[in-house]
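The next block is upload-v9.cif, given as mmCIF, C-alpha atoms.
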data_target
#
loop_
_atom_site.label_atom_id
_atom_site.label_comp_id
_atom_site.auth_asym_id
_atom_site.auth_seq_id
_atom_site.Cartn_x
_atom_site.Cartn_y
_atom_site.Cartn_z
CA MET A 1 0.00 0.00 0.00
CA TYR A 2 2.80 2.41 0.99
CA LYS A 3 4.88 1.54 -2.11
CA LYS A 4 1.92 2.25 -4.44
CA THR A 5 1.38 5.78 -3.01
CA ASN A 6 5.10 6.56 -3.33
CA LYS A 7 5.04 5.63 -7.06
CA LYS A 8 2.07 7.99 -7.62
CA GLY A 9 4.12 10.75 -6.01
CA TYR A 10 6.96 10.23 -8.48
CA VAL A 11 4.58 10.56 -11.42
CA PHE A 12 3.18 13.83 -10.10
CA VAL A 13 6.62 15.24 -9.27
CA LEU A 14 7.75 14.38 -12.80
CA ASP A 15 4.60 16.00 -14.22
CA VAL A 16 5.17 19.19 -12.20
CA THR A 17 8.88 19.30 -13.18
CA ILE A 18 8.16 18.98 -16.91
CA ALA A 19 5.35 21.54 -16.66
CA SER A 20 7.65 23.98 -14.82
CA ILE A 21 10.40 23.57 -17.45
CA ILE A 22 7.88 24.24 -20.24
CA LEU A 23 6.54 27.26 -18.36
CA LEU A 24 10.06 28.63 -17.81
CA ILE A 25 10.91 28.23 -21.52
CA GLY A 26 7.70 30.09 -22.39
CA ILE A 27 8.37 32.93 -19.94
CA THR A 28 11.96 33.26 -21.25
CA LEU A 29 10.67 33.44 -24.85
CA LEU A 30 8.12 36.08 -23.84
CA PHE A 31 10.76 38.05 -21.96
CA TYR A 32 13.01 38.17 -25.03
CA ALA A 33 10.14 39.06 -27.35
CA PHE A 34 9.08 42.04 -25.23
CA SER A 35 12.30 43.17 -23.59
CA GLU A 36 13.47 46.66 -24.58
CA ARG A 37 16.51 46.49 -26.80
CA ASP A 38 18.59 49.32 -28.17
CA ARG A 39 17.57 49.45 -31.77
CA THR A 40 19.73 51.41 -34.13
CA TYR A 41 18.72 51.87 -37.75
CA TYR A 42 21.59 52.20 -40.20
CA LEU A 43 20.69 54.19 -43.28
CA THR A 44 22.86 53.13 -46.16
CA ASP A 45 20.84 54.29 -49.18
CA GLN A 46 23.59 56.73 -50.06
CA LEU A 47 26.46 54.34 -49.44
CA SER A 48 27.13 53.32 -53.05
CA ASN A 49 27.12 56.96 -54.12
CA ASP A 50 29.46 57.80 -51.28
CA ILE A 51 31.96 55.09 -52.22
CA VAL A 52 32.17 56.34 -55.78
CA GLY A 53 32.11 59.93 -54.48
CA VAL A 54 35.10 59.53 -52.18
CA LEU A 55 37.09 57.73 -54.92
CA ALA A 56 36.35 60.60 -57.28
CA ALA A 57 37.31 63.18 -54.64
CA THR A 58 40.59 61.50 -53.70
CA ASN A 59 43.57 62.23 -55.89
CA ILE A 60 46.50 59.86 -56.35
CA GLN A 61 48.72 62.52 -54.86
CA ASP A 62 46.62 62.64 -51.70
CA LEU A 63 47.74 59.11 -50.82
CA CYS A 64 51.06 58.77 -52.64
CA LYS A 65 54.09 61.01 -52.60
CA ASP A 66 56.78 61.75 -55.19
CA VAL A 67 54.72 59.90 -57.78
CA ASP A 68 56.90 61.00 -60.70
CA THR A 69 60.19 60.02 -59.13
CA SER A 70 61.92 56.82 -58.15
CA SER A 71 61.18 57.51 -54.48
CA CYS A 72 57.46 57.21 -55.17
CA SER A 73 55.54 55.63 -52.28
CA CYS A 74 51.99 55.09 -51.00
CA ASP A 75 52.92 54.07 -47.48
CA ARG A 76 49.48 53.33 -46.13
CA TYR A 77 48.24 51.41 -49.14
CA GLU A 78 50.36 48.48 -50.29
CA LYS A 79 48.24 47.57 -53.32
CA LEU A 80 47.92 51.15 -54.47
CA ASN A 81 51.68 51.42 -54.13
CA GLU A 82 51.98 48.42 -56.45
CA ILE A 83 49.86 50.13 -59.11
CA ILE A 84 51.31 53.62 -58.83
CA CYS A 85 54.95 53.11 -57.88
CA ASP A 86 56.02 49.55 -58.68
CA ASN A 87 55.01 49.52 -62.33
CA ASP A 88 55.02 51.67 -65.43
CA TYR A 89 51.40 51.31 -66.41
CA LEU A 90 50.74 54.98 -66.11
CA THR A 91 52.36 57.81 -67.98
CA GLU A 92 50.30 60.40 -66.12
CA LYS A 93 50.16 59.84 -62.38
CA LYS A 94 47.67 62.57 -61.61
CA GLY A 95 43.93 62.56 -61.28
CA ASP A 96 41.50 60.84 -58.98
CA LEU A 97 41.31 57.20 -57.93
CA LEU A 98 38.05 56.51 -59.74
CA SER A 99 39.49 57.66 -63.08
CA LEU A 100 42.64 55.68 -62.37
CA PHE A 101 40.77 52.42 -61.74
CA SER A 102 38.44 52.95 -64.71
CA GLU A 103 41.36 53.68 -67.04
CA LEU A 104 43.33 50.65 -65.90
CA ILE A 105 40.33 48.38 -66.36
CA GLU A 106 39.32 49.82 -69.74
CA LYS A 107 42.82 49.68 -71.18
CA GLY A 108 43.53 46.34 -69.58
CA SER A 109 46.83 47.72 -68.30
CA VAL A 110 46.67 45.65 -65.15
CA ASP A 111 44.99 42.49 -64.06
CA GLY A 112 41.48 43.35 -62.82
CA LYS A 113 42.32 41.34 -59.71
CA LEU A 114 44.88 43.98 -58.65
CA VAL A 115 42.34 46.80 -58.97
CA GLU A 116 39.83 44.72 -57.03
CA GLU A 117 42.39 44.09 -54.30
CA THR A 118 43.19 47.80 -54.14
CA VAL A 119 39.52 48.73 -53.63
CA HIS A 120 39.28 45.97 -51.03
CA GLU A 121 42.34 47.33 -49.24
CA ILE A 122 41.06 50.93 -49.20
CA PHE A 123 37.55 50.15 -47.95
CA VAL A 124 37.47 46.72 -46.36
CA ASP A 125 40.95 46.04 -44.97
CA LYS A 126 41.10 49.57 -43.59
CA LYS A 127 37.75 49.13 -41.82
CA VAL A 128 35.88 51.84 -43.68
CA ILE A 129 33.12 49.49 -44.82
CA ASP A 130 32.14 46.37 -42.92
CA GLU A 131 31.64 44.12 -45.93
CA LYS A 132 29.89 41.45 -43.87
CA ARG A 133 27.07 43.91 -43.26
CA TYR A 134 27.15 46.10 -46.34
CA GLY A 135 28.10 44.57 -49.66
CA PHE A 136 28.90 46.92 -52.51
CA ALA A 137 29.83 46.94 -56.15
CA ILE A 138 31.53 49.46 -58.43
CA ILE A 139 30.50 49.20 -62.05
CA TYR A 140 32.13 51.27 -64.77
CA THR A 141 30.29 52.26 -67.93
CA SER A 142 31.81 54.16 -70.82
CA GLY A 143 30.62 55.42 -74.19
CA SER A 144 33.37 53.47 -75.90
CA LEU A 145 32.27 50.22 -74.27
CA SER A 146 29.11 48.38 -75.17
CA TYR A 147 29.04 46.62 -71.80
CA PRO A 148 29.62 47.69 -68.19
CA LEU A 149 32.89 46.74 -66.51
CA GLU A 150 32.95 45.56 -62.97
CA ILE A 151 35.69 47.20 -60.94
CA TYR A 152 34.67 45.64 -57.65
CA ASN A 153 31.89 43.48 -56.27
CA THR A 154 31.47 42.05 -52.81
CA VAL A 155 29.57 39.15 -54.35
CA LYS A 156 31.87 36.74 -56.13
CA TYR A 157 30.63 34.71 -59.05
CA GLU A 158 32.65 31.51 -59.39
CA ASN A 159 31.12 30.33 -62.68
CA GLY A 160 29.39 33.42 -63.92
CA PRO A 161 26.21 34.97 -62.45
CA MET B 1 -12.31 -0.07 -12.39
CA LYS B 2 -10.18 2.06 -10.07
CA ASP B 3 -7.11 1.63 -12.34
CA LYS B 4 -9.19 2.60 -15.39
CA LYS B 5 -10.28 5.81 -13.66
CA LYS B 6 -6.69 6.59 -12.71
CA GLY B 7 -5.58 6.03 -16.30
CA GLN B 8 -8.31 8.33 -17.58
CA MET B 9 -7.21 11.00 -15.12
CA MET B 10 -3.59 10.73 -16.28
CA THR B 11 -4.58 10.86 -19.95
CA PHE B 12 -6.77 13.90 -19.26
CA ASP B 13 -3.94 15.59 -17.37
CA PHE B 14 -1.46 14.84 -20.14
CA SER B 15 -3.71 15.96 -23.00
CA THR B 16 -4.70 19.15 -21.15
CA SER B 17 -1.00 19.94 -20.64
CA ILE B 18 -0.26 19.41 -24.33
CA ILE B 19 -3.22 21.57 -25.42
CA LEU B 20 -2.20 24.33 -23.02
CA PHE B 21 1.42 24.13 -24.19
CA ILE B 22 0.40 24.33 -27.88
CA MET B 23 -1.84 27.33 -27.09
CA PHE B 24 0.99 28.99 -25.23
CA ILE B 25 3.45 28.46 -28.10
CA MET B 26 0.88 29.80 -30.56
CA ILE B 27 0.33 32.94 -28.47
CA VAL B 28 4.11 33.52 -28.25
CA ALA B 29 4.48 32.97 -32.03
CA ILE B 30 1.61 35.37 -32.85
CA ILE B 31 2.98 38.03 -30.51
CA THR B 32 6.49 37.66 -32.00
CA LEU B 33 5.15 37.96 -35.54
CA LEU B 34 3.09 41.04 -34.67
CA ASN B 35 6.12 42.55 -33.02
CA GLN B 36 8.17 42.03 -36.20
CA LYS B 37 5.49 43.80 -38.22
CA VAL B 38 5.87 46.84 -36.01
CA GLU B 39 9.65 46.73 -36.45
CA GLN B 40 9.37 46.54 -40.24
CA SER B 41 7.07 49.53 -40.32
CA ALA B 42 9.52 51.64 -38.32
CA GLN B 43 9.94 54.65 -40.56
CA HIS B 44 12.18 57.67 -40.48
CA PRO B 45 11.63 61.04 -42.09
CA PHE B 46 13.26 61.05 -45.53
CA GLU B 47 14.85 64.42 -44.75
CA LEU B 48 17.30 62.63 -42.46
CA GLU B 49 19.03 61.17 -45.50
CA TYR B 50 20.25 64.66 -46.33
CA THR B 51 21.76 65.39 -42.94
CA PHE B 52 25.37 64.97 -44.09
CA THR B 53 24.82 67.43 -46.95
CA ASN B 54 22.98 69.83 -44.65
CA PHE B 55 25.77 69.59 -42.08
CA GLU B 56 28.38 70.34 -44.75
CA LYS B 57 26.40 73.34 -46.06
CA ASN B 58 25.83 74.76 -42.59
CA LEU B 59 29.53 74.43 -41.72
CA ALA B 60 30.44 76.28 -44.90
CA HIS B 61 28.05 79.13 -44.08
CA THR B 62 28.91 79.72 -40.45
CA SER B 63 31.03 82.75 -39.82
CA GLU B 64 33.00 81.31 -36.91
CA THR B 65 36.64 82.17 -36.34
CA PRO B 66 38.64 80.06 -36.94
CA ALA B 67 36.60 78.64 -39.82
CA ILE B 68 34.96 75.32 -38.99
CA ASP B 69 34.06 74.16 -42.51
CA PHE B 70 36.13 71.03 -42.02
CA ILE B 71 34.30 68.89 -44.57
CA HIS B 72 33.87 69.57 -48.24
CA ASN B 73 33.21 67.10 -51.03
CA TYR B 74 34.24 63.93 -49.12
CA ARG B 75 37.38 65.63 -47.85
CA VAL B 76 37.91 66.31 -44.14
CA ASN B 77 40.55 68.85 -43.25
CA TYR B 78 42.04 67.53 -40.00
CA ASP B 79 43.27 70.91 -38.76
CA LYS B 80 39.82 72.42 -39.19
CA LEU B 81 38.25 69.33 -37.63
CA LYS B 82 40.46 69.85 -34.56
CA ASP B 83 39.32 73.49 -34.31
CA PHE B 84 35.71 72.46 -34.73
CA SER B 85 35.89 69.68 -32.15
CA SER B 86 37.57 71.83 -29.55
CA THR B 87 35.18 74.79 -29.92
CA VAL B 88 31.77 73.27 -30.70
CA ASN B 89 29.85 71.10 -28.24
CA ASN B 90 26.32 70.82 -29.54
CA ILE B 91 25.86 69.99 -33.23
CA ASP B 92 22.07 69.44 -33.33
CA LYS B 93 21.38 72.73 -35.14
CA LEU B 94 24.31 72.36 -37.53
CA VAL B 95 23.13 68.92 -38.60
CA LEU B 96 19.37 69.40 -38.67
CA GLU B 97 18.51 73.07 -39.08
CA ASN B 98 19.49 75.80 -41.48
CA ILE B 99 22.12 78.31 -40.46
CA ASP B 100 22.54 81.75 -42.02
CA SER B 101 19.78 81.33 -44.63
CA THR B 102 21.02 78.13 -46.23
CA GLN B 103 18.31 75.88 -47.63
CA GLY B 104 18.08 73.43 -44.70
CA ILE B 105 16.09 70.21 -44.54
CA GLY B 106 13.13 71.54 -42.58
CA MET B 107 13.87 69.76 -39.33
CA PHE B 108 14.19 71.01 -35.78
CA ALA B 109 17.14 70.51 -33.48
CA GLU B 110 14.76 69.75 -30.59
CA THR B 111 13.65 66.52 -32.27
CA TYR B 112 17.02 64.76 -32.22
CA ASP B 113 20.23 64.75 -30.24
CA VAL B 114 23.19 64.25 -32.55
CA CYS B 115 26.65 62.76 -32.00
CA MET B 116 29.51 62.74 -34.49
CA TYR B 117 32.58 60.52 -34.44
CA VAL B 118 35.10 59.06 -36.87
CA PHE B 119 36.47 55.52 -37.04
CA ASP B 120 40.12 55.26 -38.03
CA ASN B 121 41.65 52.50 -40.18
CA ASP B 122 42.46 50.34 -37.16
CA GLY B 123 38.84 50.41 -36.00
CA THR B 124 39.50 52.80 -33.11
CA HIS B 125 37.95 56.23 -32.67
CA LEU B 126 39.89 59.07 -34.25
CA ASP B 127 41.17 61.72 -31.88
CA LEU B 128 39.04 64.64 -33.07
CA ASP B 129 40.62 67.60 -31.29
CA GLY B 130 44.18 66.38 -30.73
CA ASN B 131 43.47 66.10 -26.99
CA GLY B 132 41.72 62.77 -26.87
CA LYS B 133 38.17 63.84 -27.70
CA ILE B 134 36.53 61.04 -29.69
CA ALA B 135 33.01 62.39 -30.23
CA VAL B 136 31.34 65.76 -30.68
CA GLY B 137 27.77 66.49 -29.64
CA GLU B 138 25.47 66.54 -26.65
CA ILE B 139 22.67 64.28 -25.51
CA LYS B 140 20.06 64.58 -22.75
CA ASN B 141 20.89 66.84 -19.77
CA GLY B 142 23.86 68.33 -21.59
CA ILE B 143 25.92 65.13 -21.26
CA SER B 144 28.65 65.01 -23.88
CA CYS B 145 28.64 62.25 -26.49
CA ASP B 146 32.36 61.99 -25.84
CA SER B 147 31.98 60.89 -22.21
CA VAL B 148 29.20 58.43 -23.05
CA ILE B 149 31.11 56.80 -25.91
CA LYS B 150 34.31 56.67 -23.87
CA ASN B 151 32.33 54.72 -21.26
CA LYS B 152 31.40 52.31 -24.04
CA LYS B 153 27.71 53.14 -23.74
CA ASN B 154 25.19 53.73 -26.48
CA PRO B 155 24.54 57.51 -26.60
CA CYS B 156 20.92 56.80 -27.60
CA ASN B 157 20.16 54.75 -24.48
CA GLY B 158 16.75 55.77 -23.19
CA TYR B 159 15.71 57.45 -26.44
CA GLU B 160 12.82 56.32 -28.60
CA LYS B 161 14.93 55.45 -31.63
CA ALA B 162 18.52 55.66 -32.86
CA ILE B 163 19.40 56.37 -36.48
CA SER B 164 22.96 56.06 -37.70
CA PHE B 165 24.62 57.29 -40.88
CA PHE B 166 28.15 56.78 -42.02
CA LYS B 167 30.10 58.12 -44.92
CA PRO B 168 33.57 57.32 -46.26
CA VAL B 169 35.68 60.48 -46.33
CA LEU B 170 39.28 61.35 -47.07
CA LEU B 171 41.04 62.51 -43.91
CA ASP B 172 43.42 65.17 -45.14
CA VAL B 173 46.20 65.45 -42.57
CA GLY B 174 48.41 67.40 -44.97
CA ASP B 175 50.90 64.56 -45.41
CA GLU B 176 50.60 61.89 -48.13
CA ASP B 177 51.93 59.27 -45.70
CA GLU B 178 49.18 60.00 -43.19
CA ASN B 179 46.21 60.88 -45.41
CA ARG B 180 43.65 58.10 -45.45
CA ILE B 181 40.04 57.23 -46.19
CA VAL B 182 38.10 56.82 -42.94
CA GLN B 183 34.53 56.31 -41.77
CA MET B 184 32.66 59.38 -40.50
CA ASN B 185 29.54 58.73 -38.42
CA LEU B 186 26.48 60.74 -37.42
CA VAL B 187 24.17 59.17 -34.86
CA MET B 188 20.78 60.73 -34.23
CA CYS B 189 18.76 59.91 -31.13
CA LEU B 190 15.02 60.61 -31.43
CA VAL B 191 13.86 62.54 -28.36
#

Could you write out this file's structure as structure tokens?
Amino acid sequence: MYKKTNKKGYVFVLDVTIASIILLIGITLLFYAFSERDRTYYLTDQLSNDIVGVLAATNIQDLCKDVDTSSCSCDRYEKLNEIICDNDYLTEKKGDLLSLFSELIEKGSVDGKLVEETVHEIFVDKKVIDEKRYGFAIIYTSGSLSYPLEIYNTVKYENGP
Amino acid sequence: MKDKKKGQMMTFDFSTSIILFIMFIMIVAIITLLNQKVEQSAQHPFELEYTFTNFEKNLAHTSETPAIDFIHNYRVNYDKLKDFSSTVNNIDKLVLENIDSTQGIGMFAETYDVCMYVFDNDGTHLDLDGNGKIAVGEIKNGISCDSVIKNKKNPCNGYEKAISFFKPVLLDVGDEDENRIVQMNLVMCLV
């Protein structure tokens, strides 16, 4: 008789425990659904314009010194240094970065990969744009070209789009 | 007979628990979905998208001495930025209103509290005034954005909404070795 009552107790204790766990899970879910969080809205509608804008507003000579001499250097930007100082692609080392990249791509003076790496270095490596949150692309169109040229794109297409 | 009754009781208890649990989950799911709908509909006035331009225009038209027009066409003059950061505390009007008859964006400084800061290439805050100030602006009760951000707190804590803009700009230090493209930020806290 005693043993039977004890068994019944176990069943009820187990029932109460499971019910309590379920209730706790529910309360936790509710708490997270309604708890006040700091919500910040990032407005990035202008971001693509701004990326092109800053490239157009930045001259080669803003980031590289002695560009026409053998002591040419772009100390902060290794890849840009490679384009401007380590090679003879350019006869004219003046003008803005956007024109520079477009010209190099259009003429095929350098491997597109190097231009891509330079853009990546300026914006992503240097923590100007968090590419994990904001992807971006720079497309170049010209009257002499019947198709747009991609200077940079966060999205990589392995076997075409 | 007694055992049958006991079994019925247990089954009833079990099924009631399951029904209650399903109802509870459904209520939580409905509430969560409704909550998301509210979040998606969170709107901001379109004028806010022009705050950077408005800020730049207002800086160019102020007649302060020394001149504080530190930003022009994606180019930040570091010397002027230092002067600006060490002399100006509250930037709400400069960002949102119109100064000296410039066009403006039709907003009022009382609506938002604004903070400005710049992230350098190593991810740290740029020293804005040369004396360790990392943010310009004031929030509630005249507390400086600088002190709040230095304490690693969100300046918009306790506000209804926070809206953040950033813009890549060229930091012109006057030396090709030090010039660099950095991230300038404006954070607006809705009062």

Practice task
Could you state which residues are captured by the PyMOL selection byres ((chain A and resi 124) around 12) in this file, as JSON, numbers by chain?
Solution key: {"A": [51, 116, 117, 118, 119, 120, 121, 122, 123, 125, 126, 127, 128, 129, 130, 131, 132, 133, 134, 135, 136, 152, 153, 154], "B": [121, 122, 123, 168, 181, 182, 183]}

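Interface residues of chain B facing chain A, defined by any atom at most 6 Å away and using only C-alpha atoms, are Tyr74, Asn121, Ala162, Ile163, Ser164, Phe165, Val169, Glu176, Asp177, Asn179, Val182 and Gln183 of chain B.
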
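Taken over the shown file, the PyMOL selection byres ((chain B and resi 82) around 10) identifies Ile68, Phe70, Asn77, Tyr78, Asp79, Lys80, Leu81, Asp83, Phe84, Ser85, Ser86, Thr87, Asp127, Leu128, Asp129, Gly130, Asn131 and Lys133 of chain B.
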
Problem - Spatial neighbours of Asp113 in chain B, max dist 8 Å, only C-alpha atoms, sep filter under 3 positions, as a PyMOL selection string - result: chain B and resi 92+109-110+137-140+188-191

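Relative to CA of Glu160 in chain B, CA of Thr111 in chain B is found at 10.9 Å.
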
Residues picked by the PyMOL selection byres ((chain A and resi 102) around 12) here, as a compact mmCIF listing (two decimals) with C-alpha atoms, in the coordinates of the input?
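Written file, result00.txt:
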# COMPACT_ATOMS: atom_id res chain seq x y z
CA VAL A 52 32.17 56.34 -55.78
CA LEU A 55 37.09 57.73 -54.92
CA ALA A 56 36.35 60.60 -57.28
CA GLY A 95 43.93 62.56 -61.28
CA ASP A 96 41.50 60.84 -58.98
CA LEU A 97 41.31 57.20 -57.93
CA LEU A 98 38.05 56.51 -59.74
CA SER A 99 39.49 57.66 -63.08
CA LEU A 100 42.64 55.68 -62.37
CA PHE A 101 40.77 52.42 -61.74
CA GLU A 103 41.36 53.68 -67.04
CA LEU A 104 43.33 50.65 -65.90
CA ILE A 105 40.33 48.38 -66.36
CA GLU A 106 39.32 49.82 -69.74
CA LYS A 107 42.82 49.68 -71.18
CA GLY A 108 43.53 46.34 -69.58
CA SER A 109 46.83 47.72 -68.30
CA VAL A 110 46.67 45.65 -65.15
CA GLY A 112 41.48 43.35 -62.82
CA VAL A 115 42.34 46.80 -58.97
CA GLU A 116 39.83 44.72 -57.03
CA VAL A 119 39.52 48.73 -53.63
CA ILE A 138 31.53 49.46 -58.43
CA ILE A 139 30.50 49.20 -62.05
CA TYR A 140 32.13 51.27 -64.77
CA THR A 141 30.29 52.26 -67.93
CA SER A 142 31.81 54.16 -70.82
CA LEU A 145 32.27 50.22 -74.27
CA PRO A 148 29.62 47.69 -68.19
CA LEU A 149 32.89 46.74 -66.51
CA GLU A 150 32.95 45.56 -62.97
CA ILE A 151 35.69 47.20 -60.94
CA TYR A 152 34.67 45.64 -57.65

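In this model, the gap between CA of Leu33 in chain B and CA of Tyr159 in chain B comes to 24.0 Å.
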
Enclose all atoms of range 105-120 of chain B listed in the file in an axis-aligned box, grow every side by 4 Å, and hand back centre and edge lengths in Å to one decimal, as lines of an AutoDock Vina configuration file.
center_x = 26.6
center_y = 63.4
center_z = -37.4
size_x = 35.0
size_y = 24.3
size_z = 22.3

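A straight line drawn from CA of Asp175 in chain B to CA of Leu114 in chain A is 25.2 Å long.
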
Handout entry: Neighbour list for Glu97 in chain B as a list in words, cut-off 8 Å, all atoms listed in the file, skip fewer than 5 positions in-chain
Key = Asn54, Asp92, Gly104, Ile105, Gly106, Met107, Phe108 and Ala109 of chain B

Convert the current residue selection to file output with C-alpha atoms, as a CSV table (one decimal), in the coordinates of the input.
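Once everything was written out, this is result_32.csv:
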chain,number,residue,atom,x,y,z
B,54,ASN,CA,23.0,69.8,-44.6
B,92,ASP,CA,22.1,69.4,-33.3
B,104,GLY,CA,18.1,73.4,-44.7
B,105,ILE,CA,16.1,70.2,-44.5
B,106,GLY,CA,13.1,71.5,-42.6
B,107,MET,CA,13.9,69.8,-39.3
B,108,PHE,CA,14.2,71.0,-35.8
B,109,ALA,CA,17.1,70.5,-33.5

Name the residues in contact with Val136 in chain B at a cut-off of 8 Å, using only C-alpha atoms, excluding same-chain residues fewer than 2 positions from it; report them as a short mmCIF file (atom, residue, chain, number, x, y, z; two decimals) with C-alpha atoms, in the coordinates of the input.
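Now in selection.cif:
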data_model
loop_
_atom_site.label_atom_id
_atom_site.label_comp_id
_atom_site.auth_asym_id
_atom_site.auth_seq_id
_atom_site.Cartn_x
_atom_site.Cartn_y
_atom_site.Cartn_z
CA SER B 85 35.89 69.68 -32.15
CA VAL B 88 31.77 73.27 -30.70
CA ASN B 89 29.85 71.10 -28.24
CA ASN B 90 26.32 70.82 -29.54
CA ILE B 91 25.86 69.99 -33.23
CA CYS B 115 26.65 62.76 -32.00
CA MET B 116 29.51 62.74 -34.49
CA TYR B 117 32.58 60.52 -34.44
CA LYS B 133 38.17 63.84 -27.70
CA ILE B 134 36.53 61.04 -29.69
CA GLU B 138 25.47 66.54 -26.65
CA SER B 144 28.65 65.01 -23.88
CA CYS B 145 28.64 62.25 -26.49
CA ASP B 146 32.36 61.99 -25.84
#

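Using all atoms listed in the file, the shortest contact distance between Lys113 in chain A and any of A:Ser146, A:Lys79, A:Thr17, A:Leu90 is found at A:Lys79.
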
Could you add the missing atoms to range 166-185 of chain B, up to N, CA and C atoms, and return them as a PDB file, keeping the file's coordinate frame?
ATOM      1  N   PHE B 166      26.701  56.646 -41.902  1.00  0.00           N
ATOM      2  CA  PHE B 166      28.150  56.780 -42.020  1.00  0.00           C
ATOM      3  C   PHE B 166      28.525  57.075 -43.454  1.00  0.00           C
ATOM      4  N   LYS B 167      29.696  57.676 -43.596  1.00  0.00           N
ATOM      5  CA  LYS B 167      30.100  58.120 -44.920  1.00  0.00           C
ATOM      6  C   LYS B 167      31.615  57.965 -45.028  1.00  0.00           C
ATOM      7  N   PRO B 168      32.113  57.359 -46.097  1.00  0.00           N
ATOM      8  CA  PRO B 168      33.570  57.320 -46.260  1.00  0.00           C
ATOM      9  C   PRO B 168      34.091  58.696 -46.672  1.00  0.00           C
ATOM     10  N   VAL B 169      35.104  59.160 -46.001  1.00  0.00           N
ATOM     11  CA  VAL B 169      35.680  60.480 -46.330  1.00  0.00           C
ATOM     12  C   VAL B 169      37.208  60.394 -46.340  1.00  0.00           C
ATOM     13  N   LEU B 170      37.816  61.300 -47.072  1.00  0.00           N
ATOM     14  CA  LEU B 170      39.280  61.350 -47.070  1.00  0.00           C
ATOM     15  C   LEU B 170      39.728  62.251 -45.924  1.00  0.00           C
ATOM     16  N   LEU B 171      40.508  61.696 -45.014  1.00  0.00           N
ATOM     17  CA  LEU B 171      41.040  62.510 -43.910  1.00  0.00           C
ATOM     18  C   LEU B 171      42.333  63.139 -44.395  1.00  0.00           C
ATOM     19  N   ASP B 172      42.266  64.446 -44.619  1.00  0.00           N
ATOM     20  CA  ASP B 172      43.420  65.170 -45.140  1.00  0.00           C
ATOM     21  C   ASP B 172      44.245  65.730 -43.976  1.00  0.00           C
ATOM     22  N   VAL B 173      45.344  65.047 -43.696  1.00  0.00           N
ATOM     23  CA  VAL B 173      46.200  65.450 -42.570  1.00  0.00           C
ATOM     24  C   VAL B 173      47.283  66.411 -43.067  1.00  0.00           C
ATOM     25  N   GLY B 174      47.409  66.515 -44.379  1.00  0.00           N
ATOM     26  CA  GLY B 174      48.410  67.400 -44.970  1.00  0.00           C
ATOM     27  C   GLY B 174      49.717  66.671 -45.253  1.00  0.00           C
ATOM     28  N   ASP B 175      49.704  65.351 -45.163  1.00  0.00           N
ATOM     29  CA  ASP B 175      50.900  64.560 -45.410  1.00  0.00           C
ATOM     30  C   ASP B 175      50.465  63.280 -46.132  1.00  0.00           C
ATOM     31  N   GLU B 176      51.030  63.052 -47.317  1.00  0.00           N
ATOM     32  CA  GLU B 176      50.600  61.890 -48.130  1.00  0.00           C
ATOM     33  C   GLU B 176      50.754  60.573 -47.370  1.00  0.00           C
ATOM     34  N   ASP B 177      51.708  60.513 -46.455  1.00  0.00           N
ATOM     35  CA  ASP B 177      51.930  59.270 -45.700  1.00  0.00           C
ATOM     36  C   ASP B 177      50.833  59.027 -44.660  1.00  0.00           C
ATOM     37  N   GLU B 178      50.180  60.113 -44.260  1.00  0.00           N
ATOM     38  CA  GLU B 178      49.180  60.000 -43.190  1.00  0.00           C
ATOM     39  C   GLU B 178      47.745  60.160 -43.668  1.00  0.00           C
ATOM     40  N   ASN B 179      47.572  60.738 -44.875  1.00  0.00           N
ATOM     41  CA  ASN B 179      46.210  60.880 -45.410  1.00  0.00           C
ATOM     42  C   ASN B 179      45.597  59.501 -45.581  1.00  0.00           C
ATOM     43  N   ARG B 180      44.312  59.395 -45.320  1.00  0.00           N
ATOM     44  CA  ARG B 180      43.650  58.100 -45.450  1.00  0.00           C
ATOM     45  C   ARG B 180      42.136  58.257 -45.557  1.00  0.00           C
ATOM     46  N   ILE B 181      41.514  57.223 -46.103  1.00  0.00           N
ATOM     47  CA  ILE B 181      40.040  57.230 -46.190  1.00  0.00           C
ATOM     48  C   ILE B 181      39.513  56.578 -44.913  1.00  0.00           C
ATOM     49  N   VAL B 182      38.624  57.302 -44.226  1.00  0.00           N
ATOM     50  CA  VAL B 182      38.100  56.820 -42.940  1.00  0.00           C
ATOM     51  C   VAL B 182      36.567  56.858 -42.944  1.00  0.00           C
ATOM     52  N   GLN B 183      35.987  56.375 -41.849  1.00  0.00           N
ATOM     53  CA  GLN B 183      34.530  56.310 -41.770  1.00  0.00           C
ATOM     54  C   GLN B 183      33.993  57.368 -40.800  1.00  0.00           C
ATOM     55  N   MET B 184      33.237  58.334 -41.352  1.00  0.00           N
ATOM     56  CA  MET B 184      32.660  59.380 -40.500  1.00  0.00           C
ATOM     57  C   MET B 184      31.216  59.004 -40.151  1.00  0.00           C
ATOM     58  N   ASN B 185      30.864  59.163 -38.893  1.00  0.00           N
ATOM     59  CA  ASN B 185      29.540  58.730 -38.420  1.00  0.00           C
ATOM     60  C   ASN B 185      28.722  59.865 -37.813  1.00  0.00           C
TER      61      ASN B 185
END
